[in-house]
$ cat target_0.txt   # compact mmCIF, C-alpha atoms
# COMPACT_ATOMS: atom_id res chain seq x y z
CA MET A 1 147.68 28.10 76.04
CA PRO A 2 145.04 26.90 73.57
CA LYS A 3 143.18 29.70 71.82
CA ARG A 4 139.83 28.32 72.94
CA VAL A 5 140.84 28.54 76.62
CA LEU A 6 142.27 32.05 76.11
CA LYS A 7 139.05 33.21 74.50
CA LEU A 8 137.04 31.79 77.41
CA LEU A 9 139.24 33.61 79.94
CA ILE A 10 138.82 36.90 78.05
CA ILE A 11 135.04 36.52 78.01
CA ILE A 12 134.98 35.74 81.73
CA PHE A 13 137.30 38.67 82.48
CA LEU A 14 135.19 41.08 80.42
CA ALA A 15 132.00 39.89 82.12
CA ILE A 16 133.56 40.34 85.56
CA GLN A 17 134.86 43.78 84.56
CA SER A 18 131.39 44.77 83.29
CA ASN A 19 129.75 43.66 86.53
CA LEU A 20 132.34 45.60 88.49
CA LEU A 21 131.58 48.78 86.52
CA THR A 22 127.86 48.32 87.02
CA SER A 23 128.40 47.86 90.74
CA GLN A 24 130.60 50.96 90.91
CA ASN A 25 128.01 52.96 88.96
CA ALA A 26 125.34 51.88 91.40
CA ILE A 27 127.46 53.02 94.35
CA PHE A 28 128.14 56.39 92.71
CA ALA A 29 124.46 56.69 91.77
CA PHE A 30 123.37 56.27 95.39
CA GLU A 31 126.02 58.73 96.52
CA ASN A 32 124.68 61.31 94.05
CA TYR A 33 121.11 60.53 95.04
CA ASN A 34 121.90 61.08 98.74
CA LYS A 35 123.65 64.37 97.92
CA GLY A 36 120.54 65.43 96.04
CA VAL A 37 118.33 64.64 99.03
CA SER A 38 120.61 66.57 101.39
CA LEU A 39 120.68 69.59 99.09
CA PHE A 40 116.91 69.54 98.68
CA LYS A 41 116.52 69.69 102.46
CA ILE A 42 118.54 72.92 102.60
CA TYR A 43 116.63 74.42 99.64
CA GLU A 44 119.54 74.12 97.18
CA TYR A 45 117.18 72.98 94.46
CA ASP A 46 119.33 73.58 91.37
CA SER A 47 122.18 71.59 92.88
CA ALA A 48 119.76 68.87 93.99
CA ILE A 49 118.50 68.61 90.42
CA TYR A 50 122.08 68.15 89.16
CA TYR A 51 122.79 65.27 91.56
CA PHE A 52 119.45 63.53 90.96
CA ASN A 53 120.16 63.66 87.22
CA GLU A 54 123.64 62.26 87.81
CA ALA A 55 122.14 59.44 89.87
CA ILE A 56 119.74 58.63 87.01
CA ARG A 57 122.55 58.77 84.43
CA LEU A 58 124.60 56.27 86.44
CA LYS A 59 121.66 54.03 87.34
CA PRO A 60 118.69 54.56 84.98
CA ASP A 61 116.44 52.25 87.03
CA LEU A 62 116.86 54.22 90.28
CA ASN A 63 113.16 55.05 90.54
CA LYS A 64 113.31 57.13 93.70
CA ALA A 65 115.73 59.50 91.95
CA TYR A 66 113.07 60.17 89.30
CA TYR A 67 110.45 60.75 91.97
CA ASN A 68 112.57 63.18 93.96
CA LEU A 69 113.72 64.95 90.82
CA ALA A 70 110.06 65.50 89.89
CA VAL A 71 109.34 66.78 93.39
CA THR A 72 112.27 69.19 93.15
CA TYR A 73 111.12 70.57 89.81
CA TYR A 74 107.62 70.97 91.28
CA THR A 75 109.02 72.80 94.31
CA LYS A 76 110.84 75.17 91.94
CA THR A 77 107.48 75.74 90.17
CA ASP A 78 108.91 74.14 87.03
CA TYR A 79 105.72 72.17 86.57
CA ALA A 80 106.29 71.10 82.97
CA ASN A 81 109.58 69.34 83.79
CA SER A 82 108.07 67.89 86.95
CA ILE A 83 105.36 66.22 84.84
CA VAL A 84 107.89 64.87 82.30
CA VAL A 85 110.05 63.29 84.99
CA MET A 86 107.08 61.92 86.93
CA ASN A 87 105.83 60.25 83.75
CA SER A 88 109.18 58.44 83.54
CA TYR A 89 108.79 57.36 87.17
CA LEU A 90 105.24 56.11 86.58
CA GLN A 91 106.37 53.90 83.70
CA SER A 92 107.99 51.67 86.32
CA ILE A 93 105.98 52.43 89.47
CA LYS A 94 102.30 52.53 88.57
CA ASN A 95 100.70 52.30 92.02
CA ASN A 96 102.04 55.41 93.75
CA ASN A 97 99.05 57.69 94.31
CA LYS A 98 101.34 60.49 95.54
CA ALA A 99 102.96 60.57 92.10
CA TYR A 100 99.60 60.96 90.37
CA TYR A 101 98.62 63.62 92.90
CA LEU A 102 101.81 65.61 92.27
CA LYS A 103 101.17 65.43 88.52
CA ALA A 104 97.61 66.57 89.09
CA ARG A 105 98.73 69.57 91.14
CA ALA A 106 101.28 70.51 88.48
CA PHE A 107 98.63 70.37 85.75
CA HIS A 108 96.19 72.28 87.99
CA LEU A 109 98.70 75.05 88.63
CA MET A 110 99.34 75.25 84.88
CA ASN A 111 95.57 75.64 84.45
CA GLU A 112 95.34 72.40 82.46
CA ILE A 113 92.18 71.43 84.27
CA ASP A 114 91.16 68.30 82.35
CA SER A 115 94.60 66.73 82.83
CA ALA A 116 94.54 67.72 86.49
CA PHE A 117 91.12 66.14 86.94
CA TYR A 118 92.26 62.89 85.31
CA ASN A 119 95.31 62.61 87.57
CA TYR A 120 93.39 63.45 90.76
CA ASP A 121 91.05 60.66 89.75
CA LYS A 122 94.00 58.29 89.20
CA ALA A 123 95.44 59.21 92.61
CA ILE A 124 92.10 58.39 94.25
CA SER A 125 91.59 55.13 92.33
CA VAL A 126 95.14 53.87 93.04
CA GLY A 127 94.73 54.44 96.77
CA ASN A 128 92.12 56.69 98.35
CA ASN A 129 94.18 57.84 101.32
CA LEU A 130 95.11 61.34 100.16
CA PRO A 131 92.43 63.79 101.34
CA GLN A 132 93.93 66.57 99.24
CA ALA A 133 93.31 64.60 96.03
CA SER A 134 89.61 64.33 96.86
CA PHE A 135 89.54 67.98 97.92
CA TYR A 136 91.02 69.34 94.70
CA LYS A 137 88.88 67.08 92.54
CA GLY A 138 85.88 68.43 94.44
CA LEU A 139 87.13 71.96 93.83
CA ILE A 140 87.20 71.41 90.07
CA LEU A 141 83.68 69.99 90.18
CA TYR A 142 82.54 72.98 92.24
CA GLU A 143 84.03 75.37 89.68
CA ARG A 144 82.13 73.42 86.98
CA ASN A 145 78.91 74.05 88.97
CA ASP A 146 78.50 70.32 89.64
CA TYR A 147 77.78 70.98 93.30
CA SER A 148 76.22 67.64 94.25
CA THR A 149 79.19 65.63 92.96
CA ALA A 150 81.67 68.12 94.42
CA LEU A 151 80.02 67.57 97.79
CA ASN A 152 80.83 63.85 97.64
CA TYR A 153 84.53 64.58 97.25
CA PHE A 154 84.59 67.22 99.98
CA ASN A 155 82.91 64.65 102.23
CA SER A 156 85.61 62.13 101.29
CA ALA A 157 88.40 64.61 102.05
CA ILE A 158 86.90 65.40 105.46
CA SER A 159 86.45 61.71 106.28
CA LEU A 160 90.21 61.29 105.73
CA ASP A 161 91.26 64.51 107.49
CA ASN A 162 88.85 66.47 109.67
CA GLN A 163 91.47 68.97 110.81
CA LYS A 164 91.52 71.24 107.76
CA GLY A 165 89.38 74.36 107.95
CA ILE A 166 89.59 74.85 104.19
CA TYR A 167 87.81 71.52 103.64
CA PHE A 168 84.89 72.55 105.83
CA TYR A 169 84.83 75.98 104.23
CA ASN A 170 84.49 74.59 100.71
CA ARG A 171 81.84 72.12 101.83
CA ALA A 172 79.98 75.08 103.35
CA LEU A 173 80.26 77.00 100.07
CA THR A 174 78.80 74.00 98.26
CA TYR A 175 75.83 73.71 100.63
CA ASP A 176 75.41 77.48 100.23
CA LYS A 177 75.15 77.07 96.44
CA LEU A 178 72.67 74.23 96.93
CA GLN A 179 70.65 76.57 99.22
CA GLU A 180 70.96 74.11 102.09
CA TYR A 181 71.60 76.91 104.54
CA ASP A 182 71.42 74.88 107.78
CA LYS A 183 74.24 72.63 106.58
CA ALA A 184 76.16 75.59 105.18
CA ILE A 185 75.98 77.32 108.59
CA GLU A 186 77.15 74.14 110.35
CA ASN A 187 80.20 73.87 108.09
CA TYR A 188 81.08 77.57 108.21
CA LEU A 189 81.09 77.27 112.01
CA LEU A 190 83.36 74.22 111.79
CA ALA A 191 85.66 76.11 109.41
CA LEU A 192 85.85 78.99 111.89
CA GLU A 193 87.27 76.64 114.53
CA PHE A 194 90.41 76.50 112.38
CA LEU A 195 90.20 79.87 110.59
CA ASN A 196 88.71 82.02 113.30
CA ASP A 197 89.48 85.46 111.86
CA ASP A 198 88.60 84.76 108.25
CA VAL A 199 86.40 87.68 107.19
CA GLU A 200 85.03 85.85 104.15
CA ILE A 201 83.81 82.91 106.23
CA ILE A 202 82.23 85.26 108.81
CA ASN A 203 80.53 87.27 106.07
CA ASN A 204 79.21 84.12 104.37
CA LEU A 205 77.98 82.82 107.71
CA GLY A 206 76.05 86.05 108.24
CA TYR A 207 74.59 85.78 104.75
CA CYS A 208 73.40 82.22 105.37
CA TYR A 209 71.73 83.26 108.63
CA PHE A 210 70.02 86.03 106.63
CA LYS A 211 68.81 83.53 103.99
CA ASN A 212 67.69 81.26 106.84
CA ASN A 213 65.52 84.10 108.27
CA ASN A 214 67.69 84.52 111.37
CA SER A 215 68.20 88.29 111.31
CA LYS A 216 69.76 88.50 114.77
CA ASP A 217 72.67 86.18 114.02
CA ALA A 218 72.98 87.55 110.49
CA ILE A 219 73.52 91.08 111.82
CA LYS A 220 75.92 89.78 114.47
CA TYR A 221 78.24 88.04 112.00
CA LEU A 222 78.02 90.66 109.25
CA LYS A 223 78.96 93.40 111.70
CA GLU A 224 81.77 91.20 113.02
CA ALA A 225 83.07 90.92 109.46
CA LEU A 226 83.11 94.73 109.22
CA GLN A 227 84.99 94.99 112.51
CA LEU A 228 87.67 92.73 111.03
CA ASP A 229 87.73 94.60 107.73
CA PRO A 230 85.96 98.00 107.60
CA ASN A 231 86.34 98.00 103.79
CA TYR A 232 84.70 94.63 103.17
CA ILE A 233 82.13 95.50 100.49
CA SER A 234 80.20 92.23 100.58
CA ALA A 235 79.34 92.61 104.30
CA TYR A 236 77.97 96.14 103.74
CA ASN A 237 75.94 94.88 100.79
CA ASN A 238 74.59 91.90 102.74
CA LEU A 239 73.60 94.12 105.66
CA GLY A 240 71.89 96.46 103.21
CA LEU A 241 69.97 93.56 101.66
CA LEU A 242 69.00 92.32 105.13
CA TYR A 243 67.60 95.71 106.16
CA LEU A 244 65.91 96.00 102.76
CA SER A 245 64.13 92.70 103.42
CA MET A 246 63.04 94.07 106.82
CA ASP A 247 61.60 97.21 105.13
CA ASN A 248 64.17 99.34 106.94
CA PHE A 249 64.99 101.18 103.75
CA ASN A 250 66.93 104.10 105.20
CA GLU A 251 69.27 101.75 107.08
CA ALA A 252 69.69 99.75 103.88
CA ILE A 253 70.60 102.88 101.92
CA SER A 254 73.12 103.81 104.62
CA TYR A 255 75.00 100.51 104.24
CA PHE A 256 74.83 100.51 100.44
CA SER A 257 76.06 104.11 100.32
CA THR A 258 78.93 103.46 102.72
CA ALA A 259 80.09 100.61 100.51
CA LEU A 260 79.71 102.78 97.41
CA GLY A 261 81.98 105.34 99.04
CA ILE A 262 84.66 102.64 99.15
CA GLU A 263 84.02 101.26 95.67
CA ASN A 264 82.33 103.99 93.68
CA ASN A 265 81.95 102.05 90.42
CA ASN A 266 80.06 99.12 91.92
CA LEU A 267 76.90 98.81 89.83
CA ILE A 268 75.36 96.20 92.15
CA LEU A 269 75.41 98.71 95.00
CA MET A 270 73.90 101.39 92.77
CA ASN A 271 71.10 99.03 91.75
CA ASN A 272 70.41 98.20 95.39
CA ILE A 273 70.30 101.89 96.35
CA GLY A 274 67.86 102.48 93.48
CA VAL A 275 65.62 99.65 94.71
CA ALA A 276 65.63 101.10 98.24
CA TYR A 277 64.65 104.53 96.91
CA TYR A 278 61.89 102.88 94.87
CA LYS A 279 60.60 101.08 97.96
CA LEU A 280 60.61 104.38 99.85
CA GLY A 281 58.61 106.04 97.06
CA TYR A 282 61.49 108.31 96.03
CA PHE A 283 60.96 107.61 92.35
CA ASP A 284 63.05 110.48 90.98
CA LYS A 285 66.04 109.33 93.02
CA ALA A 286 65.47 105.74 91.96
CA LEU A 287 65.33 106.72 88.27
CA LYS A 288 68.50 108.75 88.70
CA GLU A 289 70.35 105.71 90.06
CA PHE A 290 69.17 103.39 87.28
CA ASN A 291 69.88 105.98 84.58
CA ASN A 292 73.37 106.44 86.00
CA ILE A 293 74.00 102.69 85.84
CA ILE A 294 72.77 102.39 82.25
CA ASN A 295 74.89 105.37 81.20
CA ARG A 296 77.92 103.56 82.61
CA ASP A 297 76.99 100.12 81.32
CA ASP A 298 74.18 99.74 78.78
CA THR A 299 74.28 95.94 79.17
CA ASP A 300 73.17 95.92 82.82
CA LYS A 301 69.97 93.88 82.63
CA THR A 302 69.10 94.45 86.30
CA ALA A 303 69.11 98.24 85.85
CA TYR A 304 66.76 98.02 82.86
CA PHE A 305 64.45 95.72 84.80
CA ASN A 306 64.43 97.97 87.86
CA ARG A 307 63.94 101.13 85.80
CA GLY A 308 61.03 99.44 84.07
CA ASN A 309 59.44 98.77 87.46
CA VAL A 310 59.70 102.44 88.40
CA LYS A 311 58.21 103.52 85.07
CA GLU A 312 55.34 101.08 85.52
CA PHE A 313 54.55 102.58 88.94
CA LEU A 314 54.58 106.04 87.33
CA LEU A 315 52.12 104.67 84.71
CA ASN A 316 54.65 104.99 81.91
CA ILE A 317 53.75 101.55 80.57
CA GLU A 318 55.35 102.06 77.17
CA GLY A 319 58.65 103.10 78.76
CA ALA A 320 58.41 100.22 81.25
CA CYS A 321 57.88 97.70 78.45
CA ASP A 322 60.83 99.08 76.47
CA ASP A 323 63.08 98.60 79.49
CA TRP A 324 61.74 95.15 80.26
CA GLN A 325 62.21 94.04 76.65
CA LYS A 326 65.80 95.26 76.81
CA ALA A 327 66.30 93.34 80.08
CA LEU A 328 64.92 90.22 78.40
CA LEU A 329 67.30 90.57 75.46
CA LEU A 330 70.15 90.85 77.93
CA GLY A 331 69.14 87.60 79.61
CA ILE A 332 66.94 88.39 82.61
CA ASP A 333 64.45 85.72 83.68
CA GLU A 334 61.20 86.37 81.83
CA ASN A 335 59.18 84.92 84.72
CA ILE A 336 59.85 88.01 86.85
CA ILE A 337 58.59 90.46 84.22
CA PRO A 338 54.84 91.28 83.93
CA LEU A 339 54.86 90.97 80.14
CA ASN A 340 51.05 90.79 80.07
CA LEU A 341 51.11 94.59 80.53
CA CYS A 342 53.01 94.98 77.27
CA LYS A 343 50.50 93.33 74.95

$ encode --input "target_0.txt" --output "structure tokens"
Amino acid sequence: MPKRVLKLLIIIFLAIQSNLLTSQNAIFAFENYNKGVSLFKIYEYDSAIYYFNEAIRLKPDLNKAYYNLAVTYYTKTDYANSIVVMNSYLQSIKNNNKAYYLKARAFHLMNEIDSAFYNYDKAISVGNNLPQASFYKGLILYERNDYSTALNYFNSAISLDNQKGIYFYNRALTYDKLQEYDKAIENYLLALEFLNDDVEIINNLGYCYFKNNNSKDAIKYLKEALQLDPNYISAYNNLGLLYLSMDNFNEAISYFSTALGIENNNLILMNNIGVAYYKLGYFDKALKEFNNIINRDDTDKTAYFNRGNVKEFLLNIEGACDDWQKALLLGIDENIIPLNLCK
């Protein structure tokens, strides 16, 4: 046989053999991939990771193996590896918003907030059909005190899925921060349809009724919160503030004191008790409260401000001005201090 023909036959044989190996690798890759999926479903994550990696080794372009490997790492709370693998997946598949969302959650749970924010944004821009991407982006904006923009994303999440109490709850919190109490109340009530025994929601609802000058409903919900959790400090404090605003100072002191019995180092409660004593004209008791706070924490600007008010009423203007100046240095709003008395 001529050498040229022999060489041609060898080349053809080698090409056929190579194609056969590639085909066999693909078959084995899919077998490993399917084993990985089955193991994932029965929570055998380490074994699933092994088979997904084997599938990728045998067929490096098997994109769904990368995706499921990233999901498995994420499920194991191995967020760093999840991100690495998902980046490999996204090199080939750039329009999967679920992949960007998973990366965002991994970054978020690693407290890498800027990277999380970027990937939530990518998930939304690739395809805005994941309410959770809008929700978590809104949550980051809320935590950055950008309440108006956060509200837009909570609205988007709810427009995509109106069956999540947590979405309504966070929208209520945002309206609360914006002091739009009617809308906050509406959303707390919607949240309660899904989370009907959530003491924090019930307490916040009572607080918003209080800020909205609806004492009856405020008392109703704040007392309901205490029925659910008799140690819930915030509900006692809110009831105390409500009764303080109604000039029912003894009732206010009762609620503040009950809470202080549960949490005896709470300086906010001590300040509120001092204010109630001041309003009642019990100036010695008020001074005792404020002195006690300052002895515990000499950076409490509210205590200095309140003690200054008591001293002013007792005509100790020099002492009042000293306390007010200290409160100013600590960052209290100068507009609430009668500094004209100190000139």

$ closest_residue --input "target_0.txt" --among "A:Tyr100, A:Tyr282, A:Tyr169, A:Tyr236" --to "Ser115 of chain A" --atoms "all atoms listed in the file"
A:Tyr100

$ residues_around --input "target_0.txt" --residues "segment 246-263 of chain A" --least-positions-apart "2" --cutoff "6 Å" --atoms "only C-alpha atoms" --output "PyMOL selection string"
chain A and resi 233+236-237+240+243-244+265-266+269+273+276

$ residues_around --input "target_0.txt" --residues "Ala29 of chain A" --least-positions-apart "3" --cutoff "6 Å" --atoms "all atoms listed in the file" --output "list of chain:residue names"
A:Asn25, A:Ala26, A:Asn32, A:Ala55, A:Leu58, A:Lys59

$ atom_distance --input "target_0.txt" --atom1 "atom CA of Pro131 of chain A" --atom2 "atom CA of Leu109 of chain A"
18.1 Å

$ closest_residue --input "target_0.txt" --among "A:Thr77, A:Asn119, A:Asn214, A:Thr302" --to "Ile337 of chain A" --atoms "all atoms listed in the file"
A:Thr302

$ residues_around --input "target_0.txt" --residues "Leu195 of chain A" --least-positions-apart "3" --cutoff "12 Å" --atoms "only C-alpha atoms" --output "PyMOL selection string"
chain A and resi 163-169+187-192+198-202

$ residues_around --input "target_0.txt" --residues "segment 120-124 of chain A" --least-positions-apart "4" --cutoff "7 Å" --atoms "only C-alpha atoms" --output "JSON, numbers by chain"
{"A": [97, 98, 100, 101, 104, 116, 128, 133, 134, 137]}

$ write_last_selection --input "target_0.txt" --atoms "C-alpha atoms" --output "tab-separated table (two decimals), in the coordinates of the input"
chain	number	residue	atom	x	y	z
A	97	ASN	CA	99.05	57.69	94.31
A	98	LYS	CA	101.34	60.49	95.54
A	100	TYR	CA	99.60	60.96	90.37
A	101	TYR	CA	98.62	63.62	92.90
A	104	ALA	CA	97.61	66.57	89.09
A	116	ALA	CA	94.54	67.72	86.49
A	128	ASN	CA	92.12	56.69	98.35
A	133	ALA	CA	93.31	64.60	96.03
A	134	SER	CA	89.61	64.33	96.86
A	137	LYS	CA	88.88	67.08	92.54

$ atom_distance --input "target_0.txt" --atom1 "atom CA of Asn295 of chain A" --atom2 "atom CA of Asp323 of chain A"
13.7 Å

$ atom_distance --input "target_0.txt" --atom1 "atom CA of Gln179 of chain A" --atom2 "atom CA of Tyr304 of chain A"
27.3 Å

$ residues_around --input "target_0.txt" --residues "Asp297 of chain A" --least-positions-apart "6" --cutoff "10 Å" --atoms "all atoms listed in the file" --output "ChimeraX atom specification"
/A:267,291,303

$ closest_residue --input "target_0.txt" --among "A:Thr72, A:Asn204, A:Asn271, A:Asn212" --to "Glu224 of chain A" --atoms "only C-alpha atoms"
A:Asn204

$ closest_residue --input "target_0.txt" --among "A:Ile293, A:Ala218, A:Ala150, A:Met110" --to "Asn264 of chain A" --atoms "all atoms listed in the file"
A:Ile293

$ axis_aligned_box --input "target_0.txt" --around "segment 287-306 of chain A" --padding-each-side "3 Å" --output "AutoDock Vina command-line options"
--center_x 71.2 --center_y 101.3 --center_z 84.4 --size_x 19.5 --size_y 20.9 --size_z 17.3

$ residues_near_point --input "target_0.txt" --point "(79.6, 90.3, 106.4)" --cutoff "6 Å" --atoms "only C-alpha atoms" --output "list in words"
Asn203, Gly206, Leu222, Ala225 and Ala235 of chain A

$ write_last_selection --input "target_0.txt" --atoms "C-alpha atoms" --output "PDB file, in the coordinates of the input"
ATOM      1  CA  ASN A 203      80.530  87.270 106.070  1.00  0.00           C
ATOM      2  CA  GLY A 206      76.050  86.050 108.240  1.00  0.00           C
ATOM      3  CA  LEU A 222      78.020  90.660 109.250  1.00  0.00           C
ATOM      4  CA  ALA A 225      83.070  90.920 109.460  1.00  0.00           C
ATOM      5  CA  ALA A 235      79.340  92.610 104.300  1.00  0.00           C
TER       6      ALA A 235
END

$ closest_residue --input "target_0.txt" --among "A:Lys94, A:Arg57, A:Arg105, A:Arg144" --to "Tyr74 of chain A" --atoms "all atoms listed in the file"
A:Arg105

$ closest_residue --input "target_0.txt" --among "A:Ser245, A:Asn231, A:Asn306, A:Thr299" --to "Gly331 of chain A" --atoms "all atoms listed in the file"
A:Thr299

$ decode --input "target_0.txt" --residues "segment 163-176 of chain A" --atoms "N, CA, C and O atoms" --output "short mmCIF file (atom, residue, chain, number, x, y, z; two decimals), in the first residue's frame"
data_model
loop_
_atom_site.label_atom_id
_atom_site.label_comp_id
_atom_site.auth_asym_id
_atom_site.auth_seq_id
_atom_site.Cartn_x
_atom_site.Cartn_y
_atom_site.Cartn_z
N GLN A 163 -47.65 37.90 47.75
CA GLN A 163 -47.98 36.88 48.75
C GLN A 163 -46.87 36.69 49.78
O GLN A 163 -46.80 35.67 50.44
N LYS A 164 -46.02 37.68 49.93
CA LYS A 164 -44.92 37.59 50.89
C LYS A 164 -45.10 38.68 51.97
O LYS A 164 -44.96 39.88 51.69
N GLY A 165 -45.39 38.25 53.17
CA GLY A 165 -45.57 39.20 54.26
C GLY A 165 -44.34 40.04 54.52
O GLY A 165 -44.45 41.23 54.86
N ILE A 166 -43.15 39.46 54.33
CA ILE A 166 -41.91 40.18 54.60
C ILE A 166 -41.75 41.37 53.66
O ILE A 166 -41.15 42.38 54.03
N TYR A 167 -42.29 41.27 52.44
CA TYR A 167 -42.21 42.40 51.50
C TYR A 167 -43.07 43.56 52.00
O TYR A 167 -42.63 44.72 52.00
N PHE A 168 -44.28 43.26 52.43
CA PHE A 168 -45.14 44.31 52.96
C PHE A 168 -44.56 44.91 54.24
O PHE A 168 -44.65 46.11 54.47
N TYR A 169 -43.97 44.04 55.06
CA TYR A 169 -43.40 44.51 56.32
C TYR A 169 -42.29 45.53 56.07
O TYR A 169 -42.24 46.60 56.69
N ASN A 170 -41.39 45.22 55.13
CA ASN A 170 -40.29 46.14 54.86
C ASN A 170 -40.76 47.41 54.17
O ASN A 170 -40.18 48.47 54.36
N ARG A 171 -41.83 47.30 53.37
CA ARG A 171 -42.38 48.53 52.79
C ARG A 171 -43.01 49.38 53.89
O ARG A 171 -42.89 50.61 53.88
N ALA A 172 -43.64 48.72 54.87
CA ALA A 172 -44.21 49.45 56.01
C ALA A 172 -43.11 50.15 56.80
O ALA A 172 -43.26 51.33 57.18
N LEU A 173 -42.01 49.45 57.06
CA LEU A 173 -40.88 50.06 57.77
C LEU A 173 -40.38 51.31 57.05
O LEU A 173 -40.02 52.30 57.68
N THR A 174 -40.36 51.23 55.72
CA THR A 174 -39.86 52.35 54.92
C THR A 174 -40.81 53.54 55.02
O THR A 174 -40.37 54.68 55.22
N TYR A 175 -42.10 53.30 54.89
CA TYR A 175 -43.08 54.39 55.08
C TYR A 175 -42.98 54.95 56.49
O TYR A 175 -43.12 56.17 56.70
N ASP A 176 -42.74 54.08 57.47
CA ASP A 176 -42.55 54.50 58.86
C ASP A 176 -41.39 55.50 58.96
O ASP A 176 -41.51 56.57 59.58
#
